$ cat entry-v3.txt   # compact mmCIF, C-alpha atoms
# COMPACT_ATOMS: atom_id res chain seq x y z
CA MET A 1 -8.71 -11.70 13.27
CA PRO A 2 -7.20 -11.86 16.81
CA ALA A 3 -4.77 -9.08 17.70
CA ARG A 4 -2.10 -11.59 18.74
CA VAL A 5 -2.19 -13.30 15.34
CA GLY A 6 -1.81 -9.92 13.63
CA GLY A 7 1.13 -9.06 15.88
CA ILE A 8 2.94 -12.29 15.05
CA CYS A 9 2.28 -11.78 11.33
CA ALA A 10 3.76 -8.27 11.47
CA LEU A 11 7.01 -9.64 12.87
CA LEU A 12 7.04 -12.51 10.39
CA ALA A 13 6.53 -10.09 7.47
CA LEU A 14 9.84 -8.42 8.33
CA VAL A 15 11.55 -11.81 8.60
CA ALA A 16 10.09 -13.11 5.32
CA PHE A 17 11.05 -9.99 3.39
CA THR A 18 14.56 -10.02 4.81
CA ILE A 19 15.21 -13.71 4.11
CA GLY A 20 13.74 -13.62 0.61
CA SER A 21 15.47 -10.44 -0.51
CA ILE A 22 18.91 -11.34 0.85
CA ALA A 23 18.83 -14.98 -0.26
CA GLY A 24 17.43 -13.94 -3.65
CA GLY A 25 20.23 -11.45 -4.12
CA LEU A 26 22.90 -13.96 -3.17
CA ALA A 27 21.49 -16.39 -5.75
CA GLN A 28 22.17 -13.94 -8.59
CA PRO A 29 25.36 -13.69 -10.67
CA ASP A 30 28.22 -11.60 -9.33
CA ALA A 31 27.15 -8.74 -11.59
CA TYR A 32 24.06 -8.17 -9.43
CA SER A 33 24.52 -5.35 -6.94
CA PHE A 34 22.50 -4.97 -3.75
CA ALA A 35 23.34 -1.27 -3.84
CA LYS A 36 22.55 -0.48 -7.46
CA ASP A 37 20.02 -3.02 -8.75
CA ASP A 38 16.28 -3.04 -8.06
CA LEU A 39 14.62 -5.53 -5.75
CA SER A 40 12.15 -6.48 -8.47
CA ASP A 41 15.01 -7.75 -10.61
CA LEU A 42 15.25 -10.70 -8.23
CA GLY A 43 11.88 -11.97 -9.46
CA ALA A 44 12.41 -11.34 -13.17
CA VAL A 45 11.95 -14.10 -15.72
CA THR A 46 15.72 -14.22 -16.22
CA ALA A 47 16.60 -14.22 -12.50
CA ASN A 48 18.18 -17.17 -10.71
CA SER A 49 15.94 -18.78 -8.06
CA ALA A 50 13.28 -16.16 -8.72
CA TRP A 51 10.92 -17.97 -6.31
CA LEU A 52 12.89 -16.57 -3.38
CA TYR A 53 11.68 -13.10 -4.28
CA ASN A 54 8.34 -13.91 -5.85
CA GLN A 55 7.02 -16.40 -3.31
CA VAL A 56 8.86 -15.37 -0.11
CA THR A 57 9.65 -11.66 -0.37
CA ALA A 58 6.49 -10.73 -2.27
CA ASN A 59 3.74 -13.34 -1.85
CA LEU A 60 4.38 -14.49 1.72
CA SER A 61 5.22 -11.13 3.26
CA SER A 62 2.28 -9.46 1.51
CA LEU A 63 -0.19 -12.00 2.88
CA LEU A 64 1.24 -11.43 6.36
CA ILE A 65 0.82 -7.65 5.91
CA ALA A 66 -2.82 -8.15 4.91
CA VAL A 67 -3.44 -10.20 8.06
CA VAL A 68 -2.04 -7.33 10.16
CA GLY A 69 -4.56 -5.04 8.47
CA LEU A 70 -7.41 -7.41 9.35
CA ALA A 71 -6.27 -7.50 12.97
CA LEU A 72 -6.16 -3.68 13.10
CA TRP A 73 -9.66 -3.53 11.59
CA ARG A 74 -10.94 -5.57 14.53
CA VAL A 75 -8.97 -3.59 17.12
CA LEU A 76 -9.86 -0.13 15.79
CA SER A 77 -13.53 -0.76 14.93
CA PRO A 78 -16.00 0.92 14.95
CA ASP A 79 -13.90 4.05 14.35
CA ILE A 80 -14.26 4.90 10.66
CA VAL A 81 -10.77 6.39 10.34
CA GLY A 82 -9.31 3.27 11.90
CA GLN A 83 -11.26 1.07 9.51
CA ILE A 84 -10.05 3.10 6.52
CA GLY A 85 -6.45 2.82 7.71
CA ALA A 86 -6.78 -0.91 8.33
CA ALA A 87 -8.37 -1.40 4.90
CA ALA A 88 -5.51 0.56 3.32
CA LEU A 89 -3.01 -1.78 4.99
CA VAL A 90 -4.91 -4.81 3.67
CA ALA A 91 -4.87 -3.20 0.22
CA THR A 92 -1.11 -2.66 0.55
CA GLY A 93 -0.64 -6.37 1.16
CA VAL A 94 -2.95 -7.37 -1.69
CA SER A 95 -1.23 -5.00 -4.12
CA TYR A 96 2.26 -6.14 -3.14
CA PHE A 97 1.19 -9.79 -3.54
CA PHE A 98 0.97 -9.23 -7.30
CA ASP A 99 4.58 -8.05 -7.31
CA GLY A 100 5.46 -11.74 -7.28
CA ILE A 101 2.88 -12.64 -9.93
CA PHE A 102 3.50 -10.00 -12.58
CA ARG A 103 7.21 -10.46 -13.29
CA LEU A 104 9.68 -8.28 -15.13
CA ASP A 105 11.08 -9.73 -18.35
CA CYS A 106 14.66 -9.14 -17.26
CA GLY A 107 16.86 -7.33 -14.77
CA GLY A 108 19.34 -4.50 -14.95
CA ILE A 109 22.28 -6.87 -15.27
CA ASP A 110 20.85 -8.44 -18.44
CA ALA A 111 22.35 -7.02 -21.63
CA GLY A 112 19.79 -5.22 -23.79
CA CYS A 113 17.08 -5.62 -21.16
CA ARG A 114 13.69 -4.24 -22.24
CA ASN A 115 10.66 -4.84 -20.07
CA VAL A 116 7.92 -4.63 -22.70
CA SER A 117 5.62 -7.59 -21.98
CA TRP A 118 2.13 -7.19 -20.53
CA HIS A 119 3.21 -8.68 -17.21
CA ALA A 120 6.18 -6.31 -16.99
CA ASP A 121 3.82 -3.37 -17.60
CA ALA A 122 1.45 -4.75 -14.95
CA HIS A 123 4.39 -5.05 -12.55
CA LYS A 124 5.27 -1.39 -13.03
CA THR A 125 1.66 -0.33 -12.44
CA GLU A 126 1.34 -2.50 -9.35
CA SER A 127 4.63 -1.18 -7.96
CA GLY A 128 3.34 2.37 -8.24
CA ILE A 129 0.09 1.49 -6.47
CA SER A 130 1.95 -0.34 -3.70
CA ALA A 131 4.32 2.58 -3.18
CA GLY A 132 1.41 5.01 -2.92
CA LEU A 133 -0.37 2.80 -0.38
CA GLN A 134 2.80 2.44 1.67
CA ILE A 135 3.00 6.22 1.89
CA VAL A 136 -0.61 7.07 2.77
CA THR A 137 -1.44 4.13 5.08
CA PRO A 138 0.72 5.15 8.06
CA PHE A 139 -0.66 8.69 7.95
CA ILE A 140 -4.27 7.44 8.07
CA LEU A 141 -3.48 5.03 10.89
CA ALA A 142 -1.63 7.74 12.81
CA PHE A 143 -4.78 9.84 13.06
CA ALA A 144 -6.79 6.75 13.94
CA PHE A 145 -4.37 5.93 16.76
CA ARG A 146 -4.57 9.48 18.07
CA ARG A 147 -8.35 9.11 18.42
CA ASN A 148 -8.01 5.82 20.33
CA PRO A 149 -6.91 6.08 24.00
CA ASP A 150 -5.37 2.58 23.96
CA TRP A 151 -3.30 3.36 20.85
CA ARG A 152 -2.49 7.03 21.40
CA GLY A 153 1.13 6.16 22.24
CA ALA A 154 1.60 4.78 18.72
CA TRP A 155 0.26 7.76 16.82
CA LEU A 156 3.44 9.88 16.70
CA PRO A 157 5.81 7.03 15.70
CA THR A 158 3.28 6.11 13.00
CA LEU A 159 3.01 9.70 11.80
CA LEU A 160 6.79 9.84 11.47
CA ALA A 161 7.15 6.39 9.86
CA VAL A 162 7.17 7.59 6.24
CA PRO A 163 9.28 10.75 6.80
CA ALA A 164 11.78 8.64 8.77
CA ALA A 165 11.92 6.00 6.01
CA LEU A 166 12.58 8.67 3.40
CA ALA A 167 15.21 10.31 5.60
CA ILE A 168 16.94 6.95 6.04
CA GLY A 169 16.82 6.30 2.30
CA ILE A 170 18.46 9.60 1.31
CA PRO A 171 22.00 8.82 2.53
CA PHE A 172 21.75 5.28 1.13
CA SER A 173 20.92 6.74 -2.29
CA ALA A 174 24.57 7.77 -2.52
CA LEU A 175 25.35 4.05 -2.80
CA GLY A 176 22.71 3.47 -5.47
CA GLY A 177 19.01 3.17 -6.11
CA GLY A 178 18.87 -0.40 -4.84
CA ALA A 179 20.35 0.57 -1.49
CA ALA A 180 17.87 3.43 -1.06
CA GLN A 181 14.96 1.17 -2.00
CA ARG A 182 16.01 -1.48 0.50
CA ALA A 183 16.60 1.05 3.28
CA THR A 184 13.19 2.70 2.92
CA THR A 185 11.38 -0.63 2.63
CA TRP A 186 13.07 -2.07 5.69
CA ALA A 187 12.31 1.11 7.65
CA TRP A 188 8.62 0.74 6.71
CA LEU A 189 8.64 -2.91 7.77
CA PHE A 190 10.28 -2.02 11.11
CA TRP A 191 7.36 0.37 11.66
CA LEU A 192 4.99 -2.51 10.89
CA ALA A 193 6.89 -4.68 13.39
CA PHE A 194 6.38 -1.90 15.96
CA ILE A 195 2.65 -2.09 15.28
CA GLY A 196 2.93 -5.86 15.67
CA VAL A 197 4.42 -5.46 19.13
CA ARG A 198 1.53 -3.17 20.07
CA LEU A 199 -0.93 -5.76 18.80
CA LEU A 200 0.75 -8.43 20.93
CA GLN A 201 0.27 -6.13 23.93
CA GLU A 202 -3.39 -5.51 23.11
CA ARG A 203 -5.60 -6.32 26.05
CA SER A 204 -8.46 -8.71 25.52
CA SER A 205 -11.85 -7.25 26.25
CA PRO A 206 -12.90 -8.42 29.70
CA ALA A 207 -15.81 -10.78 29.67
CA VAL A 208 -19.02 -9.34 31.03
CA GLU A 209 -20.22 -11.46 33.91
CA ALA A 210 -23.90 -12.15 34.10
CA PRO A 211 -25.47 -10.90 37.33
CA GLN A 212 -25.97 -13.68 39.83
CA ALA A 213 -29.40 -14.21 41.21
CA SER A 214 -29.62 -13.34 44.89
CA ALA A 215 -30.37 -16.14 47.28
CA PRO A 216 -33.96 -16.22 48.50
CA THR A 217 -34.53 -14.64 51.88
CA PRO A 218 -35.54 -17.29 54.44
CA PRO A 219 -38.97 -16.71 55.95
$ encode --input "entry-v3.txt" --output "structure tokens"
Amino acid sequence: MPARVGGICALLALVAFTIGSIAGGLAQPDAYSFAKDDLSDLGAVTANSAWLYNQVTANLSSLLIAVVGLALWRVLSPDIVGQIGAAALVATGVSYFFDGIFRLDCGGIDAGCRNVSWHADAHKTESGISAGLQIVTPFILAFAFRRNPDWRGAWLPTLLAVPAALAIGIPFSALGGGAAQRATTWAWLFWLAFIGVRLLQERSSPAVEAPQASAPTPP
């Protein structure tokens, strides 16, 4: 996967998530609150225009995240730590993809809401896996970047990506759980966009020129 393609996909992942989550929220009844209600409610069986969350916010952005991981695998190989970090980012995208497949039965604004179906249970499990991957992946990549001279400048921002996202989410939690969730997720995606910019700046390996045969010496 070319580095430039991965860089573009990292930027598009931020755009796709933003468009899907905002448009999906605006499509809900007035009772829905961006500050208090969960993002996953936008893709519930009872949600209005659930495709905005399921297919744009979840499916599309997750595929773009996985492509970024494939690009990093190519850039950081053969370093084993880099490959593990890149694989973890691919796994993050794959896991989050199922967020739009396994839907909740209902959202917080639905009276008597009980998410008890098999796909609601699967959604909860997947969400936990995705959250764990989002936490550990930047730390693995940070140490991989530190080992790579071309990427050493990205290691500290990557190391601080998760602590910064959590720090940003704390004040937003005063508004509600939905606000904190959105703040931390957007902070993580801005870190991914930063990685995308670095991928766009990645130098192509110079082609190795074959040695030219010397001209025969005249007698």
$ closest_atom_pairs --input "entry-v3.txt" --of "region 37-78 of chain A" --to "region 186-193 of chain A" --cutoff "12 Å" --atoms "all atoms listed in the file" --output "JSON lines"
{"residue": "A:Thr57", "atom": "CA", "partner": "A:Trp186", "partner_atom": "CA", "distance": 11.8}
{"residue": "A:Ser61", "atom": "CA", "partner": "A:Leu189", "partner_atom": "CA", "distance": 10.0}
{"residue": "A:Ser62", "atom": "CA", "partner": "A:Leu189", "partner_atom": "CA", "distance": 11.1}
{"residue": "A:Leu64", "atom": "CA", "partner": "A:Leu192", "partner_atom": "CA", "distance": 10.7}
{"residue": "A:Ile65", "atom": "CA", "partner": "A:Leu192", "partner_atom": "CA", "distance": 8.3}
{"residue": "A:Ala66", "atom": "CA", "partner": "A:Leu192", "partner_atom": "CA", "distance": 11.3}
{"residue": "A:Val67", "atom": "CA", "partner": "A:Leu192", "partner_atom": "CA", "distance": 11.8}
{"residue": "A:Val68", "atom": "CA", "partner": "A:Leu192", "partner_atom": "CA", "distance": 8.6}
{"residue": "A:Gly69", "atom": "CA", "partner": "A:Leu192", "partner_atom": "CA", "distance": 10.2}
{"residue": "A:Leu72", "atom": "CA", "partner": "A:Leu192", "partner_atom": "CA", "distance": 11.4}
$ write_last_selection --input "entry-v3.txt" --atoms "C-alpha atoms" --output "PDB file, keeping the file's coordinate frame"
ATOM      1  CA  THR A  57       9.650 -11.660  -0.370  1.00  0.00           C
ATOM      2  CA  SER A  61       5.220 -11.130   3.260  1.00  0.00           C
ATOM      3  CA  SER A  62       2.280  -9.460   1.510  1.00  0.00           C
ATOM      4  CA  LEU A  64       1.240 -11.430   6.360  1.00  0.00           C
ATOM      5  CA  ILE A  65       0.820  -7.650   5.910  1.00  0.00           C
ATOM      6  CA  ALA A  66      -2.820  -8.150   4.910  1.00  0.00           C
ATOM      7  CA  VAL A  67      -3.440 -10.200   8.060  1.00  0.00           C
ATOM      8  CA  VAL A  68      -2.040  -7.330  10.160  1.00  0.00           C
ATOM      9  CA  GLY A  69      -4.560  -5.040   8.470  1.00  0.00           C
ATOM     10  CA  LEU A  72      -6.160  -3.680  13.100  1.00  0.00           C
TER      11      LEU A  72
END
$ closest_atom_pairs --input "entry-v3.txt" --of "region 4-107 of chain A" --to "region 173-182 of chain A" --cutoff "9 Å" --atoms "all atoms listed in the file" --output "Markdown table"
| residue | atom | partner | partner_atom | distance |
| --- | --- | --- | --- | --- |
| A:Ser33 | CA | A:Gly178 | CA | 7.8 |
| A:Phe34 | CA | A:Gly178 | CA | 5.9 |
| A:Ala35 | CA | A:Ala179 | CA | 4.2 |
| A:Lys36 | CA | A:Gly176 | CA | 4.4 |
| A:Asp37 | CA | A:Gly178 | CA | 4.8 |
| A:Asp38 | CA | A:Gly178 | CA | 4.9 |
| A:Leu39 | CA | A:Gly178 | CA | 6.7 |
$ residues_near_point --input "entry-v3.txt" --point "(9.8, -5.8, -3.5)" --cutoff "8 Å" --atoms "only C-alpha atoms" --output "number ranges by chain"
A: 21, 39-40, 53, 57-58, 96, 99
$ closest_residue --input "entry-v3.txt" --among "A:Ala47, A:Ala131, A:Ala91, A:Val75" --to "Arg103 (chain A)" --atoms "all atoms listed in the file"
A:Ala47
$ closest_residue --input "entry-v3.txt" --among "A:Leu104, A:Ala88, A:Ile8, A:Ala16" --to "Gly43 (chain A)" --atoms "all atoms listed in the file"
A:Leu104
$ atom_distance --input "entry-v3.txt" --atom1 "CA of Pro163 (chain A)" --atom2 "CA of Ser95 (chain A)"
21.9 Å
$ closest_residue --input "entry-v3.txt" --among "A:Ala142, A:Ile80, A:Val45, A:Ala13" --to "Leu160 (chain A)" --atoms "only C-alpha atoms"
A:Ala142
$ closest_residue --input "entry-v3.txt" --among "A:Gln134, A:Asn54, A:Ile140, A:Arg152" --to "Leu166 (chain A)" --atoms "only C-alpha atoms"
A:Gln134
$ atom_distance --input "entry-v3.txt" --atom1 "CA of Phe97 (chain A)" --atom2 "CA of Leu60 (chain A)"
7.7 Å
$ closest_residue --input "entry-v3.txt" --among "A:Val116, A:Val197, A:Val81, A:Ala183" --to "Gly169 (chain A)" --atoms "all atoms listed in the file"
A:Ala183
$ atom_distance --input "entry-v3.txt" --atom1 "CA of Pro157 (chain A)" --atom2 "CA of Val56 (chain A)"
27.6 Å
$ closest_residue --input "entry-v3.txt" --among "A:Phe98, A:Trp51, A:Phe194, A:Trp155" --to "Leu141 (chain A)" --atoms "all atoms listed in the file"
A:Trp155
$ decode --input "entry-v3.txt" --residues "region 80-131 of chain A" --atoms "C-alpha atoms" --output "JSON list (two decimals), in the first residue's frame"
[["chain", "number", "residue", "atom", "x", "y", "z"],
["A", 80, "ILE", "CA", 8.88, -6.00, 14.07],
["A", 81, "VAL", "CA", 7.56, -3.36, 16.48],
["A", 82, "GLY", "CA", 6.44, -1.27, 13.53],
["A", 83, "GLN", "CA", 4.69, -4.25, 11.98],
["A", 84, "ILE", "CA", 2.90, -5.02, 15.25],
["A", 85, "GLY", "CA", 1.77, -1.40, 15.55],
["A", 86, "ALA", "CA", 0.60, -1.31, 11.93],
["A", 87, "ALA", "CA", -1.26, -4.61, 12.39],
["A", 88, "ALA", "CA", -2.93, -3.21, 15.51],
["A", 89, "LEU", "CA", -4.13, -0.22, 13.50],
["A", 90, "VAL", "CA", -5.53, -2.53, 10.82],
["A", 91, "ALA", "CA", -7.26, -4.52, 13.58],
["A", 92, "THR", "CA", -8.70, -1.28, 14.96],
["A", 93, "GLY", "CA", -10.27, -0.54, 11.60],
["A", 94, "VAL", "CA", -11.58, -4.09, 11.18],
["A", 95, "SER", "CA", -13.08, -4.11, 14.67],
["A", 96, "TYR", "CA", -14.73, -0.71, 14.26],
["A", 97, "PHE", "CA", -16.19, -1.82, 10.91],
["A", 98, "PHE", "CA", -18.49, -4.19, 12.79],
["A", 99, "ASP", "CA", -19.80, -1.27, 14.83],
["A", 100, "GLY", "CA", -21.98, -0.55, 11.81],
["A", 101, "ILE", "CA", -22.97, -4.19, 11.32],
["A", 102, "PHE", "CA", -23.93, -5.23, 14.85],
["A", 103, "ARG", "CA", -26.56, -2.65, 15.74],
["A", 104, "LEU", "CA", -28.11, -1.71, 19.05],
["A", 105, "ASP", "CA", -31.82, -2.47, 19.41],
["A", 106, "CYS", "CA", -32.61, 1.07, 20.50],
["A", 107, "GLY", "CA", -31.11, 4.32, 21.74],
["A", 108, "GLY", "CA", -31.18, 6.23, 24.99],
["A", 109, "ILE", "CA", -34.05, 8.42, 23.84],
["A", 110, "ASP", "CA", -36.31, 5.40, 23.28],
["A", 111, "ALA", "CA", -38.69, 4.75, 26.18],
["A", 112, "GLY", "CA", -38.05, 1.42, 27.89],
["A", 113, "CYS", "CA", -34.97, 0.76, 25.78],
["A", 114, "ARG", "CA", -33.34, -2.61, 26.46],
["A", 115, "ASN", "CA", -30.51, -3.80, 24.26],
["A", 116, "VAL", "CA", -30.87, -7.56, 24.71],
["A", 117, "SER", "CA", -30.57, -9.01, 21.18],
["A", 118, "TRP", "CA", -27.55, -11.00, 20.01],
["A", 119, "HIS", "CA", -26.45, -8.18, 17.72],
["A", 120, "ALA", "CA", -26.70, -5.64, 20.54],
["A", 121, "ASP", "CA", -24.52, -7.91, 22.71],
["A", 122, "ALA", "CA", -22.07, -8.27, 19.81],
["A", 123, "HIS", "CA", -22.01, -4.49, 19.44],
["A", 124, "LYS", "CA", -21.07, -4.05, 23.09],
["A", 125, "THR", "CA", -18.29, -6.63, 22.80],
["A", 126, "GLU", "CA", -16.95, -5.09, 19.60],
["A", 127, "SER", "CA", -17.02, -1.60, 21.14],
["A", 128, "GLY", "CA", -14.87, -2.80, 24.02],
["A", 129, "ILE", "CA", -12.35, -4.40, 21.66],
["A", 130, "SER", "CA", -12.21, -1.28, 19.49],
["A", 131, "ALA", "CA", -11.67, 0.96, 22.52]]
